[in-house]
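Visitor: Take a look at work-v7.txt, compact mmCIF, C-alpha atoms:
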# COMPACT_ATOMS: atom_id res chain seq x y z
CA MET A 1453 1.38 1.80 -40.99
CA LYS A 1454 1.46 0.42 -37.46
CA ARG A 1455 3.47 1.98 -34.67
CA TYR A 1456 6.29 -0.49 -35.16
CA VAL A 1457 6.72 -3.46 -37.46
CA ILE A 1458 7.52 -6.87 -36.07
CA ALA A 1459 8.48 -8.85 -39.13
CA PHE A 1460 7.79 -12.18 -37.51
CA ALA A 1461 6.95 -13.38 -34.03
CA ALA A 1462 6.89 -17.08 -33.28
CA ILE A 1463 5.66 -17.98 -29.81
CA LEU A 1464 7.18 -21.31 -28.97
CA LEU A 1465 5.85 -22.09 -25.51
CA TRP A 1466 7.63 -24.81 -23.61
CA GLY A 1467 9.98 -25.97 -26.31
CA LEU A 1468 12.41 -23.64 -28.07
CA THR A 1469 15.35 -25.27 -29.84
CA GLY A 1470 14.26 -28.79 -29.13
CA LEU A 1471 13.80 -28.66 -25.37
CA SER A 1472 11.08 -30.94 -24.09
CA ALA A 1473 7.94 -29.36 -22.66
CA PRO A 1474 8.18 -29.05 -18.87
CA ALA A 1475 5.30 -29.24 -16.46
CA ARG A 1476 3.60 -25.97 -15.53
CA ALA A 1477 5.48 -24.14 -12.79
CA ASP A 1478 3.85 -22.91 -9.57
CA LEU A 1479 5.94 -19.74 -9.32
CA HIS A 1480 3.64 -16.72 -9.13
CA ILE A 1481 2.92 -13.36 -7.47
CA THR A 1482 -0.52 -12.41 -6.15
CA VAL A 1483 -0.88 -8.72 -7.03
CA GLY A 1484 -4.22 -7.82 -5.48
CA SER A 1485 -3.43 -8.07 -1.78
CA GLY A 1486 -1.72 -4.83 -0.77
CA ARG A 1487 2.03 -4.44 -0.53
CA VAL A 1488 3.87 -7.34 -2.18
CA GLU A 1489 7.43 -8.36 -1.38
CA PRO A 1490 9.28 -8.04 -4.72
CA MET A 1491 10.32 -11.32 -6.29
CA PRO A 1492 14.09 -11.78 -6.71
CA ILE A 1493 14.78 -12.36 -10.40
CA ALA A 1494 18.05 -12.63 -12.33
CA ILE A 1495 18.43 -11.21 -15.85
CA PRO A 1496 21.97 -11.87 -17.13
CA ALA A 1497 23.27 -10.35 -20.36
CA PHE A 1498 21.74 -11.79 -23.51
CA ALA A 1499 24.16 -13.95 -25.46
CA ALA A 1500 25.23 -12.76 -28.94
CA GLN A 1501 27.99 -13.35 -31.50
CA THR A 1502 28.63 -9.79 -32.71
CA SER A 1503 29.39 -6.61 -30.80
CA ALA A 1504 26.37 -4.90 -32.33
CA ASP A 1505 24.04 -7.68 -31.18
CA ARG A 1506 25.67 -7.68 -27.73
CA GLN A 1507 25.01 -3.95 -27.42
CA THR A 1508 21.39 -4.43 -28.51
CA GLY A 1509 21.06 -7.24 -25.99
CA ASP A 1510 22.46 -5.05 -23.21
CA ASN A 1511 19.98 -2.33 -24.12
CA MET A 1512 17.12 -4.81 -24.01
CA VAL A 1513 18.15 -6.17 -20.62
CA LYS A 1514 18.20 -2.59 -19.27
CA VAL A 1515 14.64 -1.93 -20.49
CA ILE A 1516 13.33 -5.28 -19.21
CA THR A 1517 14.99 -4.64 -15.85
CA ASP A 1518 13.51 -1.16 -15.56
CA ASP A 1519 10.03 -2.33 -16.57
CA LEU A 1520 9.92 -5.14 -14.02
CA GLN A 1521 11.47 -3.15 -11.17
CA ASN A 1522 9.25 -0.15 -11.81
CA SER A 1523 6.19 -2.37 -11.37
CA GLY A 1524 7.24 -2.82 -7.74
CA LEU A 1525 6.72 -6.58 -8.01
CA PHE A 1526 10.24 -7.64 -8.97
CA ARG A 1527 13.75 -7.09 -7.58
CA VAL A 1528 16.37 -7.67 -10.24
CA LEU A 1529 19.51 -9.05 -8.63
CA SER A 1530 22.84 -7.39 -9.24
CA PRO A 1531 24.84 -8.95 -12.11
CA ARG A 1532 27.87 -8.86 -9.80
CA SER A 1533 26.26 -11.65 -7.79
CA TYR A 1534 25.81 -13.98 -10.76
CA ILE A 1535 27.84 -17.18 -10.62
CA GLN A 1536 27.07 -18.85 -13.95
CA ASP A 1537 28.24 -17.26 -17.19
CA SER A 1538 25.35 -15.72 -19.17
CA ALA A 1539 26.21 -17.59 -22.38
CA ALA A 1540 26.23 -20.91 -20.53
CA ALA A 1541 22.96 -20.06 -18.79
CA ALA A 1542 21.37 -19.38 -22.17
CA VAL A 1543 22.20 -22.96 -23.22
CA HIS A 1544 21.02 -24.52 -19.98
CA PRO A 1545 20.91 -22.93 -16.53
CA ASN A 1546 22.84 -24.37 -13.61
CA PHE A 1547 19.95 -23.97 -11.23
CA SER A 1548 22.05 -24.53 -8.11
CA SER A 1549 24.15 -21.46 -9.04
CA TRP A 1550 21.03 -19.30 -9.29
CA ARG A 1551 19.51 -20.73 -6.11
CA ALA A 1552 22.74 -19.83 -4.32
CA ILE A 1553 22.03 -16.11 -4.90
CA ASN A 1554 18.35 -16.53 -3.94
CA ALA A 1555 16.97 -15.95 -7.43
CA GLN A 1556 13.46 -17.33 -7.72
CA ALA A 1557 13.20 -16.70 -11.46
CA LEU A 1558 15.76 -16.42 -14.26
CA VAL A 1559 15.55 -14.77 -17.68
CA THR A 1560 17.94 -15.79 -20.44
CA GLY A 1561 18.19 -14.51 -23.99
CA VAL A 1562 20.04 -14.99 -27.26
CA LEU A 1563 20.33 -12.56 -30.20
CA THR A 1564 21.26 -13.93 -33.63
CA GLY A 1565 21.69 -11.96 -36.84
CA THR A 1566 20.17 -13.40 -40.03
CA SER A 1567 21.26 -13.19 -43.66
CA ASP A 1568 18.47 -10.74 -44.54
CA GLY A 1569 19.65 -8.21 -41.97
CA ARG A 1570 17.05 -8.97 -39.33
CA THR A 1571 17.67 -10.16 -35.78
CA ARG A 1572 16.26 -13.22 -34.06
CA VAL A 1573 15.55 -12.49 -30.40
CA GLU A 1574 14.92 -15.48 -28.17
CA PHE A 1575 14.15 -15.38 -24.48
CA ARG A 1576 13.21 -17.90 -21.82
CA LEU A 1577 11.79 -17.54 -18.32
CA TRP A 1578 12.88 -20.18 -15.83
CA ASP A 1579 11.53 -21.25 -12.44
CA VAL A 1580 14.80 -21.65 -10.53
CA PHE A 1581 13.50 -23.76 -7.65
CA GLY A 1582 11.20 -25.81 -9.88
CA GLN A 1583 14.10 -26.20 -12.37
CA GLN A 1584 11.84 -25.80 -15.36
CA GLN A 1585 11.10 -23.43 -18.20
CA MET A 1586 7.98 -21.34 -17.77
CA VAL A 1587 7.90 -19.47 -21.10
CA GLY A 1588 9.97 -19.53 -24.27
CA THR A 1589 9.43 -17.01 -27.06
CA ALA A 1590 11.31 -16.00 -30.22
CA TYR A 1591 10.88 -12.97 -32.48
CA MET A 1592 12.28 -12.06 -35.87
CA THR A 1593 12.55 -8.30 -36.05
CA THR A 1594 14.66 -5.37 -37.18
CA ALA A 1595 17.44 -4.20 -34.90
CA SER A 1596 15.85 -0.76 -34.59
CA ASN A 1597 12.79 -2.35 -32.98
CA TRP A 1598 14.70 -3.64 -29.95
CA ARG A 1599 13.00 -1.39 -27.41
CA ARG A 1600 9.50 -2.60 -28.22
CA ILE A 1601 10.64 -6.23 -28.22
CA ALA A 1602 12.09 -5.63 -24.73
CA HIS A 1603 8.73 -4.27 -23.52
CA ILE A 1604 6.95 -7.27 -25.02
CA ILE A 1605 9.34 -9.64 -23.23
CA ALA A 1606 8.78 -7.79 -19.94
CA ASP A 1607 5.02 -8.12 -20.50
CA ALA A 1608 5.37 -11.88 -21.05
CA ILE A 1609 7.36 -12.24 -17.81
CA TYR A 1610 4.92 -10.09 -15.84
CA SER A 1611 1.92 -11.96 -17.23
CA ARG A 1612 3.29 -15.44 -16.62
CA ILE A 1613 4.31 -14.77 -13.02
CA THR A 1614 1.44 -12.54 -11.86
CA GLY A 1615 -1.39 -14.02 -13.92
CA GLU A 1616 -2.30 -10.46 -14.99
CA LYS A 1617 -1.84 -8.80 -18.37
CA GLY A 1618 1.30 -6.72 -18.73
CA TYR A 1619 1.25 -3.00 -19.50
CA PHE A 1620 4.80 -2.19 -20.62
CA ASP A 1621 4.15 -2.24 -24.38
CA THR A 1622 1.95 0.85 -24.15
CA ARG A 1623 2.13 4.60 -24.60
CA ILE A 1624 0.93 7.69 -22.78
CA VAL A 1625 -0.40 10.84 -24.42
CA TYR A 1626 -0.39 13.97 -22.27
CA ILE A 1627 -0.26 17.77 -22.26
CA SER A 1628 3.26 19.20 -22.25
CA GLU A 1629 3.32 22.58 -20.51
CA THR A 1630 5.80 25.44 -20.45
CA GLY A 1631 5.79 29.18 -19.79
CA PRO A 1632 4.31 31.40 -17.06
CA ALA A 1633 0.85 30.75 -15.66
CA ASN A 1634 -0.67 33.70 -17.50
CA ALA A 1635 0.79 32.64 -20.87
CA ARG A 1636 0.97 28.86 -20.65
CA ILE A 1637 1.90 26.96 -23.82
CA LYS A 1638 0.25 23.54 -23.95
CA ARG A 1639 1.20 20.97 -26.57
CA LEU A 1640 -0.02 17.47 -27.24
CA ALA A 1641 2.80 14.96 -26.66
CA ILE A 1642 3.17 11.19 -26.77
CA MET A 1643 5.74 8.75 -25.39
CA ASP A 1644 6.23 5.16 -24.31
CA GLN A 1645 4.94 4.42 -20.82
CA ASP A 1646 8.51 4.68 -19.48
CA GLY A 1647 9.10 8.12 -21.06
CA ALA A 1648 11.13 6.90 -24.07
CA ASN A 1649 10.40 7.78 -27.72
CA HIS A 1650 8.97 11.14 -26.73
CA ARG A 1651 7.59 13.41 -29.45
CA TYR A 1652 5.25 16.39 -29.78
CA LEU A 1653 2.07 16.09 -31.84
CA THR A 1654 1.05 19.77 -31.91
CA ASP A 1655 3.15 22.92 -32.19
CA GLY A 1656 1.73 24.94 -29.30
CA SER A 1657 -0.03 27.54 -31.45
CA ALA A 1658 -3.37 26.48 -29.95
CA LEU A 1659 -4.24 25.52 -26.39
CA VAL A 1660 -4.93 21.77 -26.20
CA LEU A 1661 -6.65 19.82 -23.41
CA THR A 1662 -7.93 16.38 -22.37
CA PRO A 1663 -6.36 13.96 -24.88
CA ARG A 1664 -7.83 10.44 -24.92
CA PHE A 1665 -6.87 7.31 -26.87
CA SER A 1666 -9.19 5.37 -29.13
CA PRO A 1667 -9.53 1.78 -27.88
CA THR A 1668 -9.59 0.42 -31.43
CA GLN A 1669 -7.55 2.67 -33.73
CA GLN A 1670 -4.40 4.77 -33.88
CA GLN A 1671 -6.36 7.88 -32.94
CA ILE A 1672 -6.58 10.44 -30.15
CA THR A 1673 -9.48 12.76 -29.41
CA TYR A 1674 -8.79 16.06 -27.68
CA MET A 1675 -9.97 19.63 -27.22
CA ALA A 1676 -8.27 22.65 -28.74
CA TYR A 1677 -8.96 26.36 -28.54
CA TYR A 1678 -8.53 28.21 -31.83
CA ASN A 1679 -9.34 31.93 -31.66
CA ASN A 1680 -10.82 31.24 -28.21
CA LYS A 1681 -13.32 28.78 -29.68
CA PRO A 1682 -13.41 25.25 -28.23
CA ARG A 1683 -13.25 22.49 -30.81
CA VAL A 1684 -13.04 18.72 -30.62
CA TYR A 1685 -10.50 17.01 -32.86
CA LEU A 1686 -9.37 13.56 -33.89
CA TYR A 1687 -5.63 13.08 -34.36
CA ASP A 1688 -4.37 10.15 -36.42
CA ILE A 1689 -1.07 9.09 -34.83
CA ASP A 1690 0.38 7.35 -37.89
CA SER A 1691 -0.37 10.05 -40.46
CA GLY A 1692 -0.36 13.12 -38.19
CA ARG A 1693 -3.65 14.21 -39.74
CA GLN A 1694 -6.06 16.21 -37.60
CA THR A 1695 -9.79 16.05 -38.26
CA LEU A 1696 -12.30 18.52 -36.83
CA LEU A 1697 -15.11 16.64 -35.11
CA GLY A 1698 -17.13 19.66 -34.16
CA ASP A 1699 -17.01 23.42 -33.69
CA PHE A 1700 -19.52 23.61 -30.88
CA PRO A 1701 -21.03 26.82 -29.48
CA GLY A 1702 -20.43 27.50 -25.83
CA MET A 1703 -17.94 25.24 -24.05
CA THR A 1704 -16.91 21.64 -24.68
CA PHE A 1705 -15.45 19.36 -22.02
CA SER A 1706 -13.63 16.04 -21.79
CA PRO A 1707 -14.27 14.17 -25.05
CA ARG A 1708 -13.72 10.42 -24.71
CA PHE A 1709 -14.21 7.40 -26.99
CA SER A 1710 -16.79 4.67 -26.52
CA PRO A 1711 -15.34 1.16 -26.01
CA ASP A 1712 -16.02 0.18 -29.63
CA GLY A 1713 -14.39 3.37 -30.93
CA ARG A 1714 -17.51 4.37 -32.90
CA LYS A 1715 -18.61 7.28 -30.75
CA VAL A 1716 -17.18 10.15 -28.77
CA ILE A 1717 -18.91 11.17 -25.56
CA MET A 1718 -18.48 14.68 -24.18
CA SER A 1719 -20.07 17.47 -22.19
CA LEU A 1720 -21.41 20.53 -24.03
CA SER A 1721 -22.41 23.77 -22.32
CA LYS A 1722 -25.44 25.57 -23.70
CA ASN A 1723 -27.23 28.51 -22.08
CA GLY A 1724 -25.23 28.07 -18.89
CA ASN A 1725 -26.00 24.35 -18.48
CA ALA A 1726 -23.62 21.50 -19.22
CA ASP A 1727 -25.07 18.21 -20.43
CA ILE A 1728 -23.65 14.99 -21.80
CA TYR A 1729 -23.84 14.16 -25.50
CA THR A 1730 -22.53 11.46 -27.80
CA MET A 1731 -21.39 11.93 -31.39
CA ASP A 1732 -21.36 9.13 -33.92
CA LEU A 1733 -17.98 9.32 -35.68
CA HIS A 1734 -19.39 8.04 -38.98
CA SER A 1735 -22.53 10.16 -39.31
CA HIS A 1736 -21.53 12.99 -36.92
CA SER A 1737 -25.04 12.81 -35.49
CA VAL A 1738 -25.29 14.06 -31.90
CA THR A 1739 -27.45 12.51 -29.15
CA ARG A 1740 -28.21 14.19 -25.84
CA LEU A 1741 -28.10 11.91 -22.77
CA THR A 1742 -28.78 14.30 -19.87
CA ASN A 1743 -31.24 17.16 -19.78
CA ASP A 1744 -31.55 19.15 -16.59
CA SER A 1745 -30.47 22.44 -15.02
CA SER A 1746 -27.39 21.00 -13.29
CA ILE A 1747 -23.81 20.68 -14.51
CA ASN A 1748 -23.13 17.22 -15.97
CA THR A 1749 -19.63 16.53 -17.25
CA SER A 1750 -16.60 14.16 -17.39
CA PRO A 1751 -18.42 11.13 -18.83
CA SER A 1752 -16.65 7.76 -19.07
CA TYR A 1753 -18.02 4.49 -20.48
CA SER A 1754 -17.82 1.16 -18.70
CA PRO A 1755 -15.66 -1.28 -20.69
CA ASP A 1756 -18.74 -3.18 -21.91
CA GLY A 1757 -20.33 0.07 -23.11
CA LYS A 1758 -23.51 -0.48 -21.10
CA GLN A 1759 -23.04 2.24 -18.48
CA ILE A 1760 -21.57 5.72 -18.14
CA SER A 1761 -20.05 7.37 -15.10
CA PHE A 1762 -20.07 11.17 -14.86
CA GLU A 1763 -19.91 14.02 -12.39
CA SER A 1764 -22.87 16.25 -11.57
CA ASP A 1765 -23.98 18.83 -9.02
CA ARG A 1766 -27.65 17.90 -9.37
CA GLY A 1767 -27.73 16.93 -5.69
CA GLY A 1768 -26.34 20.28 -4.59
CA ALA A 1769 -22.64 19.34 -4.62
CA GLN A 1770 -20.20 17.87 -7.14
CA GLN A 1771 -20.55 14.08 -6.94
CA ILE A 1772 -20.18 10.99 -9.14
CA TYR A 1773 -23.16 9.34 -10.81
CA VAL A 1774 -23.69 6.28 -12.99
CA MET A 1775 -26.36 5.93 -15.68
CA ASN A 1776 -27.22 3.53 -18.46
CA ALA A 1777 -25.64 4.18 -21.86
CA ASP A 1778 -28.92 5.63 -23.16
CA GLY A 1779 -29.07 8.16 -20.29
CA SER A 1780 -31.64 6.30 -18.23
CA ASN A 1781 -31.45 5.47 -14.52
CA PRO A 1782 -28.92 8.08 -13.34
CA HIS A 1783 -27.98 7.43 -9.72
CA ARG A 1784 -25.41 8.81 -7.32
CA ILE A 1785 -22.60 6.55 -6.05
CA THR A 1786 -20.44 8.89 -3.90
CA PHE A 1787 -21.63 10.20 -0.53
CA GLY A 1788 -18.43 11.09 1.31
CA LYS A 1789 -17.27 14.51 2.44
CA GLY A 1790 -15.80 16.81 -0.18
CA ARG A 1791 -16.33 17.17 -3.92
CA TYR A 1792 -15.83 14.31 -6.37
CA GLY A 1793 -14.99 14.59 -10.06
CA GLY A 1794 -13.21 13.16 -13.10
CA PRO A 1795 -14.50 9.57 -12.90
CA VAL A 1796 -12.73 7.07 -15.16
CA TRP A 1797 -13.90 3.49 -15.49
CA SER A 1798 -11.30 0.75 -15.07
CA PRO A 1799 -10.66 -1.44 -18.16
CA ARG A 1800 -11.47 -4.40 -15.91
CA GLY A 1801 -14.88 -2.90 -15.12
CA ASP A 1802 -14.51 -3.43 -11.37
CA LEU A 1803 -13.59 0.07 -10.25
CA ILE A 1804 -14.02 3.75 -11.08
CA ALA A 1805 -11.10 6.10 -10.36
CA PHE A 1806 -11.87 9.68 -9.34
CA THR A 1807 -10.42 12.94 -8.04
CA LYS A 1808 -11.66 14.22 -4.69
CA MET A 1809 -11.27 17.72 -3.20
CA GLN A 1810 -11.64 18.16 0.55
CA GLY A 1811 -10.19 20.58 3.09
CA GLY A 1812 -7.75 22.21 0.67
CA GLN A 1813 -6.30 18.83 -0.34
CA PHE A 1814 -6.72 16.74 -3.48
CA TYR A 1815 -7.06 12.97 -3.49
CA ILE A 1816 -7.17 10.25 -6.12
CA GLY A 1817 -9.27 7.29 -5.13
CA VAL A 1818 -11.25 4.35 -6.45
CA ILE A 1819 -14.77 3.09 -5.84
CA HIS A 1820 -16.86 0.16 -7.05
CA PRO A 1821 -19.59 1.04 -9.58
CA ASP A 1822 -22.27 0.28 -6.98
CA GLY A 1823 -20.76 2.88 -4.62
CA SER A 1824 -19.08 0.44 -2.25
CA GLY A 1825 -15.43 0.09 -1.29
CA GLU A 1826 -14.32 3.71 -1.66
CA ARG A 1827 -10.64 4.21 -0.81
CA GLU A 1828 -7.98 6.82 -1.42
CA ILE A 1829 -4.86 5.92 -3.40
CA THR A 1830 -2.78 9.11 -3.16
CA SER A 1831 -3.11 12.76 -2.16
CA GLY A 1832 -1.35 16.09 -2.56
CA TYR A 1833 -1.64 19.82 -3.04
CA ASP A 1834 -3.15 19.13 -6.47
CA VAL A 1835 -3.40 15.61 -7.91
CA GLU A 1836 -5.76 15.12 -10.85
CA SER A 1837 -6.68 13.26 -14.05
CA PRO A 1838 -6.31 9.59 -13.15
CA THR A 1839 -5.92 7.24 -16.13
CA TRP A 1840 -5.75 3.45 -16.06
CA ALA A 1841 -3.06 1.17 -17.41
CA PRO A 1842 -4.77 -1.36 -19.72
CA ASN A 1843 -4.49 -4.15 -17.14
CA GLY A 1844 -6.40 -2.11 -14.54
CA ARG A 1845 -3.66 -2.48 -11.91
CA VAL A 1846 -1.79 0.83 -12.25
CA LEU A 1847 -2.94 4.45 -12.40
CA ALA A 1848 -1.17 7.45 -13.93
CA TYR A 1849 -2.04 11.05 -13.03
CA PHE A 1850 -0.43 14.44 -12.68
CA LYS A 1851 0.71 16.22 -9.54
CA GLU A 1852 1.01 20.01 -9.42
CA VAL A 1853 2.77 22.13 -6.79
CA PRO A 1854 3.23 25.93 -6.46
CA VAL A 1855 6.75 27.33 -6.73
CA GLY A 1856 8.43 30.72 -6.50
CA ILE A 1857 8.66 33.24 -3.68
CA ARG A 1858 4.97 34.08 -3.84
CA HIS A 1859 3.87 30.68 -5.10
CA THR A 1860 2.52 32.30 -8.25
CA GLU A 1861 4.13 29.75 -10.57
CA ARG A 1862 3.55 26.03 -10.66
CA VAL A 1863 5.19 22.84 -11.81
CA ALA A 1864 3.31 19.73 -12.87
CA HIS A 1865 4.69 16.24 -13.39
CA LEU A 1866 3.27 12.85 -14.32
CA TYR A 1867 3.25 9.96 -11.86
CA SER A 1868 2.15 6.36 -11.73
CA ILE A 1869 1.07 4.36 -8.70
CA ASP A 1870 -0.02 0.82 -7.99
CA LEU A 1871 -3.71 0.28 -7.34
CA THR A 1872 -2.85 -0.67 -3.76
CA GLY A 1873 -1.45 2.84 -3.18
CA PHE A 1874 2.20 1.76 -3.12
CA ASN A 1875 5.08 2.27 -5.54
CA GLU A 1876 4.46 5.86 -6.63
CA ARG A 1877 6.94 6.83 -9.39
CA GLN A 1878 7.47 9.94 -11.47
CA ILE A 1879 7.22 9.41 -15.22
CA PRO A 1880 10.01 11.40 -16.91
CA THR A 1881 9.00 14.15 -19.35
CA PRO A 1882 11.16 16.90 -20.91
CA LEU A 1883 8.93 19.70 -19.55
CA ASN A 1884 5.98 20.00 -17.21
CA GLY A 1885 3.23 17.49 -17.91
CA SER A 1886 -0.48 17.18 -17.12
CA ASP A 1887 -3.63 15.30 -18.11
CA PRO A 1888 -2.16 11.91 -19.07
CA ALA A 1889 -4.09 9.20 -20.92
CA TRP A 1890 -2.84 5.62 -21.12
CA SER A 1891 -3.13 3.72 -24.38
CA PRO A 1892 -4.57 0.23 -24.74
CA LEU A 1893 -2.07 -2.55 -25.40
CA ASN A 1894 -0.31 -2.70 -28.78
CA GLN A 1895 -1.15 0.82 -29.90
Please render this file's structure as structure tokens.
Guide:
Amino acid sequence: MKRYVIAFAAILLWGLTGLSAPARADLHITVGSGRVEPMPIAIPAFAAQTSADRQTGDNMVKVITDDLQNSGLFRVLSPRSYIQDSAAAAVHPNFSSWRAINAQALVTGVLTGTSDGRTRVEFRLWDVFGQQQMVGTAYMTTASNWRRIAHIIADAIYSRITGEKGYFDTRIVYISETGPANARIKRLAIMDQDGANHRYLTDGSALVLTPRFSPTQQQITYMAYYNNKPRVYLYDIDSGRQTLLGDFPGMTFSPRFSPDGRKVIMSLSKNGNADIYTMDLHSHSVTRLTNDSSINTSPSYSPDGKQISFESDRGGAQQIYVMNADGSNPHRITFGKGRYGGPVWSPRGDLIAFTKMQGGQFYIGVIHPDGSGEREITSGYDVESPTWAPNGRVLAYFKEVPVGIRHTERVAHLYSIDLTGFNERQIPTPLNGSDPAWSPLNQ
């Protein structure tokens, strides 16, 4: 069973309910050029006939508003400034009324109950100054599915105006932490990217680390320590079934899926050396990719599966390297001061995110695969484990700070930040959180 069920989705671009198809609007945001002035957008209440549908509509508007504002690219105008009634705007906007409050874009919606108990959700995105519809979409769904429909609508708005894929209809898996430092309880947890629909996947009886999503299936790979033995598991999100991938001698680090979901790549420590291996998920056959006396760990595939980034101290210090998927042609790409680790390839393929340690400070940065264009995105006492949103424009990570009189305890929270280094936001979690991993779209 999929994460949610959308009974029917009809994408009716440019012509819902008989409206003629307008010309393509020019309204857009360029998101790759540093700090962007947020676009003023109006999102009045969705029109509905029943109180239940009105409440659902209000809930959806709240989620859409939060999604767009949290991206840092949109400024949702206060409903107190709206001149036209929302029900009238849903029939046809009075564009002069929306221009009067400086709205550049307008979102209208209508919820209608059907005889079979489902709800029809219709939304439209309007270019206020161009006086034309940019997108019109309708969904038939169950009322309980309203939150996901709201994320999908926010994605459609984001995509149409920015020209980039949205990332709101996604989830984050992470490690939930509680307890003192010497007896930390770590559980696998999952939630929507905005912190909603939170639930725990493991009970805390075993220490769990480094969860990662499959790019193709409803699965997570992660490490767990049972009786002090490191094991690599697959967790099926829909069924809750855990499958042991391997009970490896020595230590195991950072398992991660290949782009086609057919392999898991990881670092295994044998006789004091750590090397990179792949495991075929069908045959469970293991292939060694590195073979030297250095420490090689934290592998991450490029999105086309042709290359692998990893960290190694083969040059005398912890740095980032790139090699071909078969282990050939390993070459160093970082040469700055400090130690580099945890490389993660962007889903766009254009950048590799990393953690850097220098002078008692941690940094999260990005670099091109050829080693050019290195820049820092954020820094702190301890910032680690960058993970990419599926559109490659936002990073999530965790930030840890010491607390207490003697600084013997610590608190860790999840954050997201725009690729430009602006718009850092804390992602709400019930307890401390670390080691996030962002899902692909529609997981």
Visitor: Would you kindly return, as a list in words, each protein, DNA or RNA residue with an atom no farther than 10 Å from any atom of Gln1810 (chain A), considering all atoms listed in the file and excluding same-chain residues fewer than 4 positions away?
Guide: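 Skipping anything fewer than 4 positions along the chain leaves Gly1788, Lys1789, Gly1790, Arg1791, Tyr1792, Phe1814 and Tyr1815 of chain A.
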Visitor: Find the spatial neighbours of Ile1604 (chain A), counting all atoms listed in the file, within a cut-off of 8 Å - ignore same-chain residues fewer than 4 positions away - and output them as a list in words.
Guide: Arg1600, Ala1608, Phe1620 and Asp1621 of chain A
Visitor: From the set A:Ser1596, A:Gln1584, A:Ser1538, A:Gln1521, which residue has the shortest atom-to-atom contact distance to Gln1556 (chain A), counting all atoms listed in the file?
Guide: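 Comparing A:Ser1596, A:Gln1584, A:Ser1538, A:Gln1521 against Gln1556 (chain A), the winner is A:Gln1584.
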Visitor: So that I can see what lies close to Arg1636 (chain A), please list as a list in words the residues with an atom at most 12 Å from it, counting all atoms listed in the file and leaving out residues fewer than 2 positions away in the same chain.
Guide: Ile1627, Ser1628, Glu1629, Thr1630, Gly1631, Pro1632, Ala1633, Asn1634, Lys1638, Arg1639, Gly1656, Ser1657, Ala1658, Leu1659, Val1660, Glu1861, Arg1862, Val1863, Asn1884 and Gly1885 of chain A
Visitor: Could you work out how far CA of Asp1690 (chain A) lies from CA of Gly1713 (chain A), giving the answer in Å with one decimal?
Guide: 16.8 Å
Visitor: Work out how far CA of Glu1852 (chain A) is from CA of Asp1834 (chain A), in Å to one decimal.
Guide: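 These atoms are spaced 5.2 Å apart.
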Visitor: If I only have part of region 1612-1623 of chain A, can you fill in N, CA and C atoms and write it as a compact mmCIF listing (two decimals), in the coordinates of the input?
Guide:
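This went into part-v3.txt:
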# COMPACT_ATOMS: atom_id res chain seq x y z
N ARG A 1612 3.14 -14.04 -17.02
CA ARG A 1612 3.29 -15.44 -16.62
C ARG A 1612 3.40 -15.57 -15.10
N ILE A 1613 4.08 -14.64 -14.45
CA ILE A 1613 4.31 -14.77 -13.02
C ILE A 1613 3.16 -14.20 -12.19
N THR A 1614 2.53 -13.14 -12.64
CA THR A 1614 1.44 -12.54 -11.86
C THR A 1614 0.07 -13.07 -12.24
N GLY A 1615 -0.07 -13.62 -13.44
CA GLY A 1615 -1.39 -14.02 -13.92
C GLY A 1615 -2.21 -12.87 -14.45
N GLU A 1616 -1.63 -11.66 -14.47
CA GLU A 1616 -2.30 -10.46 -14.99
C GLU A 1616 -1.68 -10.06 -16.32
N LYS A 1617 -2.41 -9.33 -17.14
CA LYS A 1617 -1.84 -8.80 -18.37
C LYS A 1617 -0.75 -7.79 -18.04
N GLY A 1618 0.27 -7.74 -18.89
CA GLY A 1618 1.30 -6.72 -18.73
C GLY A 1618 0.81 -5.38 -19.25
N TYR A 1619 1.62 -4.35 -19.04
CA TYR A 1619 1.25 -3.00 -19.50
C TYR A 1619 2.45 -2.21 -20.01
N PHE A 1620 3.56 -2.90 -20.25
CA PHE A 1620 4.80 -2.19 -20.62
C PHE A 1620 4.83 -1.80 -22.10
N ASP A 1621 4.18 -2.56 -22.95
CA ASP A 1621 4.15 -2.24 -24.38
C ASP A 1621 2.98 -1.30 -24.66
N THR A 1622 3.02 -0.14 -24.04
CA THR A 1622 1.95 0.85 -24.15
C THR A 1622 2.56 2.24 -24.26
N ARG A 1623 1.69 3.21 -24.53
CA ARG A 1623 2.13 4.60 -24.60
C ARG A 1623 1.22 5.48 -23.76
